$ cat model-v9.txt   # compact mmCIF, C-alpha atoms and all ligand atoms
# COMPACT_ATOMS: atom_id res chain seq x y z
CA MET A 1 -20.38 -1.54 -13.20
CA THR A 2 -17.31 -1.07 -11.08
CA GLU A 3 -14.88 -3.38 -9.46
CA ALA A 4 -11.62 -3.14 -7.56
CA ALA A 5 -9.40 -6.03 -8.56
CA TYR A 6 -8.50 -7.47 -5.18
CA GLU A 7 -6.79 -10.81 -5.37
CA THR A 8 -7.11 -14.02 -3.45
CA LEU A 9 -4.60 -14.53 -0.69
CA PRO A 10 -2.63 -17.50 0.51
CA GLU A 11 -3.51 -19.27 3.69
CA LEU A 12 -0.84 -18.74 6.31
CA GLU A 13 -0.03 -21.02 9.17
CA SER A 14 0.14 -19.16 12.43
CA SER A 15 0.22 -22.38 14.44
CA GLU A 16 3.81 -21.74 15.42
CA THR A 17 2.82 -18.79 17.59
CA ARG A 18 4.57 -19.09 20.94
CA ILE A 19 2.21 -19.11 23.89
CA GLY A 20 2.83 -16.27 26.31
CA ALA A 21 5.36 -14.34 24.23
CA SER A 22 3.97 -11.28 22.52
CA THR A 23 5.43 -10.37 19.15
CA VAL A 24 5.36 -7.10 17.29
CA VAL A 25 6.32 -6.41 13.70
CA MET A 26 7.68 -2.88 13.19
CA LYS A 27 8.21 -1.55 9.65
CA PHE A 28 10.27 1.54 8.85
CA GLY A 29 9.92 3.29 5.47
CA GLY A 30 12.68 4.84 3.39
CA THR A 31 12.63 8.30 5.01
CA SER A 32 12.85 6.67 8.45
CA VAL A 33 16.24 5.10 7.62
CA ALA A 34 17.51 7.76 5.21
CA ASP A 35 20.89 8.44 6.92
CA PRO A 36 23.20 6.97 9.60
CA GLU A 37 21.73 9.09 12.38
CA LYS A 38 18.17 7.97 11.53
CA ILE A 39 19.35 4.36 11.36
CA ARG A 40 20.75 4.65 14.88
CA ARG A 41 17.44 6.14 16.06
CA VAL A 42 15.47 3.25 14.57
CA ALA A 43 17.87 0.82 16.26
CA ALA A 44 17.30 2.52 19.63
CA ARG A 45 13.53 2.30 19.20
CA LEU A 46 13.75 -1.41 18.42
CA VAL A 47 15.99 -2.05 21.42
CA ASP A 48 13.59 -0.17 23.73
CA THR A 49 10.69 -2.31 22.50
CA LYS A 50 12.68 -5.51 23.00
CA ARG A 51 13.76 -4.48 26.50
CA ALA A 52 10.10 -3.93 27.41
CA GLY A 53 9.68 -7.70 26.96
CA THR A 54 8.38 -8.10 23.41
CA ARG A 55 9.72 -10.27 20.61
CA VAL A 56 10.64 -7.82 17.86
CA VAL A 57 10.69 -8.37 14.10
CA ALA A 58 11.60 -5.28 12.09
CA VAL A 59 11.09 -4.77 8.38
CA VAL A 60 13.05 -1.95 6.80
CA SER A 61 12.85 -0.25 3.43
CA ALA A 62 15.79 0.92 1.36
CA MET A 63 17.42 4.15 2.56
CA GLY A 64 15.78 7.33 1.22
CA TYR A 65 15.40 7.21 -2.55
CA HIS A 66 17.80 4.29 -3.02
CA THR A 67 15.25 2.12 -4.88
CA ASP A 68 14.53 4.96 -7.33
CA GLU A 69 18.27 5.40 -7.88
CA LEU A 70 18.74 1.70 -8.57
CA VAL A 71 15.85 1.66 -11.06
CA ASP A 72 17.32 4.71 -12.73
CA LEU A 73 20.76 3.11 -12.89
CA ALA A 74 19.32 0.02 -14.56
CA HIS A 75 17.71 2.17 -17.24
CA GLN A 76 20.95 4.04 -17.82
CA VAL A 77 22.59 0.72 -18.62
CA SER A 78 19.76 -0.96 -20.49
CA PRO A 79 16.59 0.48 -22.08
CA HIS A 80 14.54 -2.61 -21.19
CA PRO A 81 16.18 -4.35 -18.24
CA LYS A 82 15.21 -7.99 -17.86
CA PRO A 83 12.71 -8.23 -14.99
CA ARG A 84 14.70 -10.98 -13.26
CA GLU A 85 17.87 -8.91 -13.24
CA LEU A 86 16.02 -5.77 -12.21
CA ASP A 87 14.73 -7.64 -9.15
CA MET A 88 18.26 -8.83 -8.33
CA LEU A 89 19.35 -5.20 -8.44
CA ILE A 90 16.56 -3.38 -6.62
CA SER A 91 16.24 -5.94 -3.81
CA VAL A 92 19.72 -4.84 -2.71
CA GLY A 93 18.56 -1.53 -1.16
CA GLU A 94 16.63 -3.28 1.63
CA ARG A 95 19.55 -5.64 2.36
CA ILE A 96 21.82 -2.66 2.95
CA SER A 97 19.50 -0.88 5.38
CA CYS A 98 18.73 -4.12 7.24
CA ALA A 99 22.39 -4.94 7.80
CA LEU A 100 23.10 -1.37 8.96
CA VAL A 101 20.24 -1.41 11.49
CA ALA A 102 21.46 -4.79 12.80
CA MET A 103 24.96 -3.33 13.30
CA ALA A 104 23.57 -0.33 15.17
CA ILE A 105 21.50 -2.61 17.43
CA SER A 106 24.58 -4.68 18.31
CA ASP A 107 26.36 -1.47 19.31
CA LEU A 108 23.56 -0.88 21.82
CA GLY A 109 24.31 -4.24 23.44
CA THR A 110 21.40 -6.24 22.04
CA ASP A 111 21.71 -9.21 19.70
CA ALA A 112 20.29 -8.74 16.19
CA ILE A 113 20.38 -10.56 12.89
CA SER A 114 19.44 -9.36 9.40
CA LEU A 115 17.77 -11.68 6.92
CA THR A 116 16.97 -11.36 3.22
CA GLY A 117 13.37 -12.08 2.19
CA SER A 118 14.50 -15.51 1.09
CA GLN A 119 16.27 -16.29 4.39
CA ALA A 120 13.16 -15.10 6.23
CA GLY A 121 11.10 -17.72 4.37
CA ILE A 122 9.05 -15.41 2.19
CA VAL A 123 8.08 -17.49 -0.85
CA THR A 124 6.43 -15.79 -3.82
CA ASP A 125 5.10 -16.60 -7.26
CA THR A 126 7.38 -15.99 -10.26
CA VAL A 127 6.07 -12.61 -11.45
CA HIS A 128 9.11 -10.33 -11.26
CA GLY A 129 8.46 -6.75 -10.19
CA LYS A 130 5.10 -7.48 -8.56
CA ALA A 131 5.37 -10.92 -7.07
CA LYS A 132 2.71 -12.20 -4.70
CA ILE A 133 3.54 -13.97 -1.47
CA VAL A 134 2.34 -17.57 -1.63
CA GLU A 135 3.79 -18.82 1.63
CA VAL A 136 5.71 -17.64 4.70
CA LYS A 137 7.96 -20.29 6.23
CA ALA A 138 8.59 -18.65 9.57
CA HIS A 139 10.73 -21.28 11.31
CA ARG A 140 14.04 -19.39 10.84
CA ILE A 141 12.53 -16.22 12.29
CA HIS A 142 11.12 -18.17 15.24
CA ARG A 143 14.50 -19.74 15.88
CA GLU A 144 16.22 -16.35 15.95
CA LEU A 145 13.51 -14.86 18.18
CA ASP A 146 13.87 -17.83 20.54
CA GLY A 147 17.57 -16.94 20.68
CA GLU A 148 16.58 -13.50 22.08
CA ARG A 149 17.56 -11.64 18.92
CA ILE A 150 15.86 -8.75 17.18
CA VAL A 151 15.19 -10.01 13.67
CA LEU A 152 15.59 -7.58 10.75
CA VAL A 153 13.91 -8.64 7.53
CA ALA A 154 14.67 -6.97 4.20
CA GLY A 155 11.35 -5.58 2.95
CA PHE A 156 9.70 -5.83 -0.47
CA GLN A 157 11.28 -9.13 -1.55
CA GLY A 158 11.12 -12.87 -1.45
CA VAL A 159 12.26 -15.97 -3.27
CA SER A 160 10.09 -17.41 -6.01
CA THR A 161 8.92 -20.98 -6.34
CA ALA A 162 11.59 -21.13 -9.10
CA TYR A 163 14.28 -20.01 -6.59
CA ASP A 164 14.79 -16.54 -8.04
CA VAL A 165 14.85 -13.27 -6.09
CA THR A 166 11.57 -11.41 -6.59
CA THR A 167 10.23 -8.03 -5.49
CA LEU A 168 6.67 -7.26 -4.39
CA GLY A 169 5.99 -3.98 -6.24
CA ARG A 170 6.72 -0.43 -5.13
CA GLY A 171 5.83 0.17 -1.52
CA GLY A 172 6.02 -3.60 -0.96
CA SER A 173 7.77 -3.46 2.42
CA ASP A 174 4.33 -2.78 3.94
CA THR A 175 3.19 -6.14 2.56
CA THR A 176 6.29 -7.92 3.90
CA ALA A 177 5.49 -6.51 7.34
CA VAL A 178 1.81 -7.45 7.37
CA ALA A 179 2.49 -10.93 5.96
CA LEU A 180 5.05 -11.55 8.70
CA ALA A 181 2.66 -10.24 11.35
CA ALA A 182 0.03 -12.70 10.08
CA ALA A 183 2.44 -15.62 9.91
CA LEU A 184 3.90 -14.94 13.37
CA GLY A 185 0.55 -14.24 15.01
CA ALA A 186 1.90 -10.84 16.06
CA ASP A 187 -0.18 -8.58 18.31
CA ALA A 188 0.07 -5.76 15.81
CA CYS A 189 1.91 -4.54 12.76
CA GLU A 190 3.32 -1.07 13.30
CA ILE A 191 4.04 0.93 10.15
CA TYR A 192 6.43 3.79 10.95
CA THR A 193 6.50 6.50 8.30
CA ASP A 194 7.10 10.20 7.64
CA VAL A 195 3.52 11.32 8.43
CA ASP A 196 1.56 10.94 11.68
CA GLY A 197 -0.93 8.41 10.29
CA VAL A 198 -3.60 8.10 7.61
CA PHE A 199 -5.01 11.51 6.76
CA THR A 200 -8.35 12.66 5.37
CA ALA A 201 -6.48 13.58 2.14
CA ALA A 202 -2.88 13.64 0.94
CA PRO A 203 -1.27 16.12 3.37
CA ARG A 204 0.83 17.67 0.60
CA VAL A 205 -2.29 18.60 -1.37
CA VAL A 206 -4.62 19.54 1.49
CA PRO A 207 -2.70 21.37 4.23
CA ASP A 208 -5.55 21.13 6.78
CA ALA A 209 -6.06 17.40 6.27
CA GLN A 210 -6.65 15.65 9.61
CA LYS A 211 -5.21 12.46 10.99
CA LEU A 212 -7.85 9.75 11.31
CA HIS A 213 -7.79 7.75 14.54
CA ALA A 214 -9.29 4.59 13.11
CA VAL A 215 -10.13 3.37 9.62
CA SER A 216 -11.87 0.11 8.71
CA TYR A 217 -10.14 -2.44 6.50
CA GLU A 218 -12.70 -1.79 3.76
CA GLU A 219 -12.16 1.97 3.81
CA MET A 220 -8.39 1.56 3.82
CA LEU A 221 -8.64 -0.85 0.87
CA GLU A 222 -10.55 1.77 -1.09
CA MET A 223 -8.17 4.54 -0.01
CA ALA A 224 -5.03 2.54 -0.83
CA ALA A 225 -6.50 1.46 -4.18
CA SER A 226 -7.28 5.05 -5.09
CA GLY A 227 -4.03 6.81 -4.28
CA ALA A 228 -3.40 7.07 -0.51
CA LYS A 229 0.02 5.52 -0.94
CA VAL A 230 0.77 5.49 2.79
CA LEU A 231 0.02 1.73 2.66
CA GLN A 232 0.52 -0.61 -0.28
CA LEU A 233 -2.88 -1.99 -1.34
CA ARG A 234 -1.83 -5.59 -0.97
CA SER A 235 -0.73 -5.09 2.62
CA VAL A 236 -4.28 -3.97 3.47
CA GLU A 237 -5.75 -7.04 1.73
CA PHE A 238 -3.44 -9.23 3.80
CA ALA A 239 -4.34 -7.43 7.00
CA ARG A 240 -8.06 -7.78 6.36
CA ASN A 241 -7.91 -11.44 5.36
CA HIS A 242 -5.79 -12.42 8.34
CA GLY A 243 -7.23 -9.99 10.90
CA VAL A 244 -3.91 -8.21 11.46
CA LYS A 245 -4.32 -4.91 13.32
CA VAL A 246 -2.19 -2.27 11.60
CA HIS A 247 -1.02 0.91 13.30
CA VAL A 248 0.29 3.60 10.93
CA ARG A 249 2.33 6.14 12.91
CA SER A 250 5.22 8.57 12.81
CA THR A 251 8.84 7.46 13.10
CA PHE A 252 9.73 10.82 14.58
CA THR A 253 7.31 10.99 17.54
CA ASP A 254 5.72 8.68 20.12
CA GLU A 255 2.20 9.91 19.33
CA PRO A 256 -0.42 7.31 18.45
CA GLY A 257 -1.27 7.22 14.75
CA THR A 258 -4.10 5.55 12.83
CA TRP A 259 -5.43 2.06 13.56
CA ILE A 260 -6.68 -0.04 10.65
CA ARG A 261 -9.10 -2.63 11.98
CA GLU A 262 -12.60 -4.10 11.82
CA GLU A 263 -15.42 -1.62 11.30
CA ASP A 264 -17.38 -0.70 14.42
CA GLU A 265 -20.54 1.27 15.17
CA ARG A 266 -18.72 4.55 15.76
CA MET A 267 -17.09 4.42 12.35
CA LEU A 268 -20.52 4.27 10.73
CA GLU A 269 -22.11 6.92 12.88
CA LYS A 270 -19.53 9.62 13.31
CA ALA A 271 -18.13 10.78 10.01
CA LEU A 272 -20.05 10.88 6.78
CA ILE A 273 -16.91 10.22 4.80
CA SER A 274 -13.36 9.43 5.87
CA GLY A 275 -11.26 10.86 3.13
CA VAL A 276 -10.78 12.21 -0.38
CA THR A 277 -8.03 10.42 -2.29
CA HIS A 278 -6.53 10.95 -5.70
CA THR A 279 -4.12 9.47 -8.19
CA VAL A 280 -2.60 10.70 -11.42
CA ASP A 281 -0.73 7.46 -12.09
CA GLU A 282 -3.43 5.71 -14.10
CA VAL A 283 -4.20 5.35 -17.78
CA VAL A 284 -7.83 5.09 -18.93
CA TYR A 285 -8.49 2.79 -21.91
CA GLU A 286 -11.61 2.73 -24.10
CA VAL A 287 -11.96 -0.50 -26.04
CA ASP A 288 -14.51 -1.34 -28.70
CA GLY A 289 -15.68 -4.62 -30.15
CA VAL A 290 -13.98 -7.08 -27.81
CA ARG A 291 -15.96 -9.32 -25.48
CA PRO A 292 -15.28 -8.59 -21.79
CA ALA A 293 -14.22 -12.16 -21.00
CA GLU A 294 -11.57 -12.17 -23.73
CA LEU A 295 -10.37 -8.68 -22.85
CA PHE A 296 -9.92 -9.27 -19.14
CA GLU A 297 -8.42 -12.74 -19.63
CA ALA A 298 -5.77 -11.22 -21.91
CA LEU A 299 -5.07 -8.40 -19.46
CA ALA A 300 -4.82 -10.83 -16.54
CA ALA A 301 -2.45 -13.07 -18.51
CA ALA A 302 -0.28 -9.99 -19.16
CA GLU A 303 -0.26 -9.23 -15.37
CA VAL A 304 -2.06 -5.90 -15.83
CA ASN A 305 -3.71 -4.72 -12.59
CA VAL A 306 -7.07 -3.53 -13.88
CA ASP A 307 -8.86 -1.10 -11.58
CA THR A 308 -12.07 0.69 -12.56
CA ILE A 309 -14.23 -1.11 -15.16
CA ILE A 310 -17.23 0.48 -16.87
CA GLN A 311 -19.16 -1.18 -19.71
CA MET A 312 -21.41 0.80 -22.05
CA ASP A 313 -22.97 -1.33 -24.84
CA SER A 314 -20.04 -2.66 -26.87
CA ARG A 315 -17.63 -0.15 -25.33
CA ILE A 316 -15.54 -1.04 -22.31
CA VAL A 317 -13.69 1.55 -20.29
CA PHE A 318 -11.08 0.41 -17.80
CA SER A 319 -8.14 1.91 -15.95
CA ALA A 320 -4.75 0.43 -15.10
CA PRO A 321 -1.54 1.73 -13.53
CA LEU A 322 0.78 3.81 -15.70
CA ASP A 323 3.55 1.28 -14.97
CA ASP A 324 1.50 -1.49 -16.63
CA ARG A 325 1.09 0.42 -19.88
CA PRO A 326 3.52 -1.62 -22.05
CA GLN A 327 1.86 -4.89 -21.00
CA ALA A 328 -1.64 -3.45 -21.53
CA ASP A 329 -0.66 -2.21 -25.00
CA ASP A 330 0.74 -5.64 -25.90
CA ALA A 331 -2.39 -7.41 -24.67
CA LEU A 332 -4.74 -5.07 -26.57
CA THR A 333 -2.68 -5.25 -29.75
CA GLY A 334 -2.59 -9.05 -29.45
CA LEU A 335 -6.40 -9.09 -29.37
CA GLY A 336 -6.54 -6.92 -32.49
CA ALA A 337 -8.71 -4.53 -30.46
CA SER A 338 -9.48 -1.00 -31.56
CA TYR A 339 -8.80 1.16 -28.55
CA ALA A 340 -7.96 4.63 -27.36
CA GLN A 341 -6.05 5.55 -24.24
CA GLU A 342 -6.00 8.69 -22.19
CA ASP A 343 -3.20 9.47 -19.74
CA GLY A 344 -4.19 13.06 -18.97
CA LEU A 345 -6.85 12.09 -16.45
CA GLY A 346 -6.58 11.76 -12.68
CA LYS A 347 -8.97 9.88 -10.44
CA VAL A 348 -10.56 11.51 -7.41
CA SER A 349 -12.38 9.30 -4.88
CA VAL A 350 -14.62 10.11 -1.95
CA VAL A 351 -14.37 7.22 0.53
CA GLY A 352 -16.24 6.44 3.73
CA ALA A 353 -18.13 3.66 5.49
CA GLY A 354 -20.52 6.35 6.74
CA MET A 355 -22.07 6.70 3.27
CA LYS A 356 -23.74 3.30 3.73
CA SER A 357 -26.03 4.79 6.36
CA HIS A 358 -26.17 8.46 5.33
CA PRO A 359 -27.77 9.46 2.03
CA GLY A 360 -26.72 12.58 0.16
CA VAL A 361 -23.02 11.97 -0.40
CA ALA A 362 -23.42 11.75 -4.17
CA ALA A 363 -25.59 14.89 -4.20
CA ARG A 364 -23.02 16.87 -2.23
CA THR A 365 -20.14 15.54 -4.35
CA PHE A 366 -21.68 16.46 -7.68
CA ALA A 367 -22.99 19.83 -6.44
CA THR A 368 -19.42 20.67 -5.39
CA LEU A 369 -18.10 19.72 -8.82
CA ARG A 370 -20.75 21.86 -10.50
CA GLU A 371 -19.82 24.89 -8.40
CA LEU A 372 -16.19 24.29 -9.28
CA GLY A 373 -17.00 24.05 -13.00
CA VAL A 374 -15.39 20.61 -13.25
CA THR A 375 -17.07 17.92 -15.34
CA PRO A 376 -16.46 14.39 -14.03
CA LYS A 377 -15.88 11.53 -16.49
CA PHE A 378 -16.44 7.79 -15.98
CA VAL A 379 -18.09 7.79 -12.58
CA ALA A 380 -17.65 4.52 -10.68
CA THR A 381 -19.05 3.62 -7.28
CA SER A 382 -18.94 0.99 -4.55
CA PRO A 383 -21.01 0.94 -1.35
CA ILE A 384 -18.35 3.10 0.35
CA LYS A 385 -16.81 5.04 -2.55
CA ILE A 386 -17.65 7.48 -5.33
CA ALA A 387 -14.82 7.84 -7.85
CA PHE A 388 -14.52 9.80 -11.09
CA TYR A 389 -11.92 11.10 -13.49
CA VAL A 390 -11.02 14.75 -14.15
CA PRO A 391 -8.18 16.36 -16.14
CA HIS A 392 -4.82 16.32 -14.32
CA ASP A 393 -4.89 20.09 -13.87
CA ASP A 394 -8.21 19.92 -12.01
CA VAL A 395 -7.29 17.11 -9.62
CA GLU A 396 -5.86 19.11 -6.73
CA LYS A 397 -8.53 21.81 -6.66
CA THR A 398 -11.22 19.10 -6.84
CA VAL A 399 -9.70 17.26 -3.87
CA GLN A 400 -9.44 20.52 -1.90
CA ALA A 401 -13.04 21.53 -2.68
CA LEU A 402 -14.49 18.14 -1.71
CA HIS A 403 -12.39 18.04 1.47
CA GLU A 404 -13.95 21.36 2.42
CA ALA A 405 -17.46 20.45 1.28
CA PHE A 406 -17.45 17.44 3.62
CA ASP A 407 -15.93 19.53 6.42
CA LEU A 408 -12.97 17.20 6.81
CA GLY A 409 -10.55 19.94 7.82
CA SER A 410 -12.13 20.48 11.23
CA ALA A 411 -10.87 18.51 14.22
CA ASP A 412 -14.49 17.41 14.91
CA ALA A 413 -14.41 15.34 11.74
CA GLU A 414 -11.92 13.05 13.45
CA ARG A 415 -13.19 9.71 14.51
CA GLN A 416 -12.40 8.94 18.15
CA HIS A 417 -11.60 5.44 19.26
CA ALA A 418 -10.83 3.74 22.50
P1 LIG B 501 7.32 5.13 3.48
O1 LIG B 501 8.58 5.49 2.77
O2 LIG B 501 7.39 5.31 4.96
O3 LIG B 501 6.78 3.78 3.07
P2 LIG B 501 5.42 6.42 1.69
O4 LIG B 501 6.04 7.54 0.93
O5 LIG B 501 5.24 5.13 0.98
O6 LIG B 501 6.25 6.23 3.05
O7 LIG B 501 3.99 6.83 2.27
C1 LIG B 501 3.86 7.97 3.08
C2 LIG B 501 3.42 9.16 2.26
O8 LIG B 501 2.10 8.93 1.77
C3 LIG B 501 3.30 10.44 3.03
O9 LIG B 501 4.55 11.15 3.03
C4 LIG B 501 2.21 11.20 2.33
O10 LIG B 501 2.72 12.27 1.56
C5 LIG B 501 1.58 10.20 1.39
N1 LIG B 501 0.11 10.15 1.47
C6 LIG B 501 -0.72 10.23 0.41
N2 LIG B 501 -2.00 10.18 0.82
C7 LIG B 501 -1.98 10.07 2.16
C8 LIG B 501 -3.01 10.00 3.17
N3 LIG B 501 -4.31 10.02 2.86
N4 LIG B 501 -2.61 9.90 4.47
C9 LIG B 501 -1.31 9.87 4.80
N5 LIG B 501 -0.29 9.95 3.89
C10 LIG B 501 -0.63 10.05 2.59
N1 LIG B 502 12.03 0.36 -1.34
C1 LIG B 502 10.83 -0.08 -2.03
C2 LIG B 502 10.20 1.08 -2.76
O1 LIG B 502 10.74 2.17 -2.73
C3 LIG B 502 9.85 -0.76 -1.13
C4 LIG B 502 9.28 0.07 -0.02
O2 LIG B 502 9.82 1.13 0.30
O3 LIG B 502 8.25 -0.33 0.56
O4 LIG B 502 9.19 0.91 -3.39
MG MG B 503 5.62 3.14 1.46
$ encode --input "model-v9.txt" --output "structure tokens" --more "lines below"
Ligand code: ADP
Ligand code: ASP
Ligand code: MG
Amino acid sequence: MTEAAYETLPELESSETRIGASTVVMKFGGTSVADPEKIRRVAARLVDTKRAGTRVVAVVSAMGYHTDELVDLAHQVSPHPKPRELDMLISVGERISCALVAMAISDLGTDAISLTGSQAGIVTDTVHGKAKIVEVKAHRIHRELDGERIVLVAGFQGVSTAYDVTTLGRGGSDTTAVALAAALGADACEIYTDVDGVFTAAPRVVPDAQKLHAVSYEEMLEMAASGAKVLQLRSVEFARNHGVKVHVRSTFTDEPGTWIREEDERMLEKALISGVTHTVDEVVYEVDGVRPAELFEALAAAEVNVDTIIQMDSRIVFSAPLDDRPQADDALTGLGASYAQEDGLGKVSVVGAGMKSHPGVAARTFATLRELGVTPKFVATSPIKIAFYVPHDDVEKTVQALHEAFDLGSADAERQHA
């Protein structure tokens, strides 16, 4: 049995969409705003888009590695920072970059205003560090757009139903952007980043990985859930549930990138698989003698994001992010469960909508592993994914071998779209 723990999403009102005015949400990641020169370049791009007649909402991430530095600073002061205070601290990075971009836009002669997540009307639940958006109250943004301003929204944060500052989990600016695009009825959500789009594998691990032209929501969900960190998983869930078209593209060029959208015929016919993803940021737990209902209720109550689940007789194997380890340990100890955990395993996943209509993907995957002398553990599948665990040291060579076995490095493997 396998299951990806996707969550239910809030309903968003897009009734406020202005007739006749097209809106775009443009999100810039940390490397895109890493220094003053890059901030000025982002400002110029936003001004160009506005001058072409579009209402522009921009979401920016913290500059460079600022969020990492803030997390590190907190841990230098306190071994276990209180989650509420940690959110107060790390939400600051996005406020800085937002204000700086707004200043640079003003210098170019266009009106701009920066807003915190709270000012932008992003309301979340009360789970600090990985809050979920429960509502977007877009009236302030609409008012500013009506006043001909470019609106900058600090990514990755909101205000909770208890009026505290919350953050949305690492990489959460993607989710801010897609949620705003849904709430504003935007034509598209453009995600500007340091790579040209979504690739057939992590470009750092597979040098001949190819940019994909189009990926279905379902494929992107599987890829984001299994390590392609170019989009935060939750942003893809939002996009799928609200039909937001997402365009992942480079900050540094004008080239088109990758469109994430509904599946179409060509996606099923052309490529057998779309990509090979991997992650080494998971812990695998083996639990004995606890009923599944009790186990997963306790893990859910502890806010542990369970991923792969495999049950074998009385044994249950599941995986969860490395970051959730303290909460998972507490939950398992609280149940009095006997369990073992393994953090030396990485997960490799072969993903593609094409495998629904083409047999033989599993055969080719396991034949490749046999030739490589790698023994997969805990195999889990969905209609469009085959995933398994291998020791950390084998992860990269396994990804490279599968990428080659499915011929993903050739330009022909690319999926064309209109
Ligand atoms: P940003 O700061 O713009 O949000 P991220 O670091 O979150 O950027 O995501 C972009 C990075 O994701 C790329 O630099 C790339 O190394 C990595 N990545 C991993 N897998 C993939 C993939 N399949 N396609 C594209 N990028 C990927
Ligand atoms: N700055 C936050 C992070 O580094 C959010 C983001 O970049 O999306 O995780
Ligand atoms: Mg990111």
$ residues_near_ligand --input "model-v9.txt" --ligand "ligand LIG 501 (chain B)" --cutoff "6 Å" --atoms "only C-alpha atoms and all ligand atoms" --output "ChimeraX atom specification"
/A:29-31,171,193-195,197-204,228-230
$ residues_near_ligand --input "model-v9.txt" --ligand "ligand LIG 502 (chain B)" --cutoff "7 Å" --atoms "all atoms listed in the file" --output "PyMOL selection string"
chain A and resi 29-30+61-62+65+67-68+93-94+155-156+169-174
$ atom_distance --input "model-v9.txt" --atom1 "CA of Ile90 (chain A)" --atom2 "CA of Arg41 (chain A)"
24.6 Å
$ atom_distance --input "model-v9.txt" --atom1 "CA of Pro256 (chain A)" --atom2 "CA of Lys385 (chain A)"
26.7 Å
$ closest_residue --input "model-v9.txt" --among "A:Thr23, A:Gln232, A:Asn241, A:Thr258" --to "Ala214 (chain A)" --atoms "only C-alpha atoms"
A:Thr258
$ axis_aligned_box --input "model-v9.txt" --around "region 92-105 of chain A" --padding-each-side "4 Å" --output "AutoDock Vina command-line options"
--center_x 20.8 --center_y -3.0 --center_z 7.4 --size_x 16.3 --size_y 13.3 --size_z 28.1
$ atom_distance --input "model-v9.txt" --atom1 "CA of Leu221 (chain A)" --atom2 "CA of Val351 (chain A)"
9.9 Å
$ residues_around --input "model-v9.txt" --residues "Val153 (chain A)" --least-positions-apart "6" --cutoff "6 Å" --atoms "only C-alpha atoms" --output "PyMOL selection string"
chain A and resi 59+114-116
$ residues_near_point --input "model-v9.txt" --point "(-14.2, 5.2, -9.4)" --cutoff "12 Å" --atoms "all atoms listed in the file" --output "JSON, numbers by chain"
{"A": [1, 2, 3, 4, 222, 223, 225, 226, 227, 276, 277, 278, 279, 282, 284, 307, 308, 309, 310, 317, 318, 319, 346, 347, 348, 349, 350, 351, 376, 377, 378, 379, 380, 381, 382, 383, 384, 385, 386, 387, 388, 389, 390]}
$ closest_residue --input "model-v9.txt" --among "A:Gly243, A:Ala363, A:Glu190, A:Gln400" --to "Gly275 (chain A)" --atoms "all atoms listed in the file"
A:Gln400
$ decode --input "model-v9.txt" --residues "region 372-380 of chain A" --atoms "N, CA, C and O atoms" --output "short mmCIF file (atom, residue, chain, number, x, y, z; two decimals), in the first residue's frame"
data_model
loop_
_atom_site.label_atom_id
_atom_site.label_comp_id
_atom_site.auth_asym_id
_atom_site.auth_seq_id
_atom_site.Cartn_x
_atom_site.Cartn_y
_atom_site.Cartn_z
N LEU A 372 23.18 -2.48 -11.93
CA LEU A 372 23.96 -1.55 -11.12
C LEU A 372 24.42 -2.21 -9.81
O LEU A 372 25.31 -1.71 -9.12
N GLY A 373 23.80 -3.35 -9.49
CA GLY A 373 24.12 -4.04 -8.23
C GLY A 373 23.54 -3.34 -7.01
O GLY A 373 24.06 -3.42 -5.90
N VAL A 374 22.43 -2.64 -7.22
CA VAL A 374 21.78 -1.93 -6.11
C VAL A 374 20.48 -2.66 -5.76
O VAL A 374 19.69 -2.98 -6.63
N THR A 375 20.30 -2.93 -4.46
CA THR A 375 19.09 -3.64 -4.04
C THR A 375 18.09 -2.65 -3.46
O THR A 375 18.37 -2.01 -2.45
N PRO A 376 16.93 -2.49 -4.10
CA PRO A 376 15.95 -1.52 -3.59
C PRO A 376 15.21 -2.06 -2.36
O PRO A 376 14.98 -3.26 -2.24
N LYS A 377 14.89 -1.16 -1.45
CA LYS A 377 14.12 -1.53 -0.25
C LYS A 377 12.79 -0.80 -0.27
O LYS A 377 12.71 0.32 -0.78
N PHE A 378 11.77 -1.38 0.30
CA PHE A 378 10.47 -0.72 0.48
C PHE A 378 9.96 -0.06 -0.81
O PHE A 378 9.89 1.16 -0.92
N VAL A 379 9.63 -0.88 -1.78
CA VAL A 379 9.13 -0.33 -3.04
C VAL A 379 7.69 0.15 -2.85
O VAL A 379 6.88 -0.53 -2.24
N ALA A 380 7.39 1.33 -3.34
CA ALA A 380 6.03 1.88 -3.24
C ALA A 380 5.64 2.44 -4.60
O ALA A 380 6.47 3.03 -5.29
#
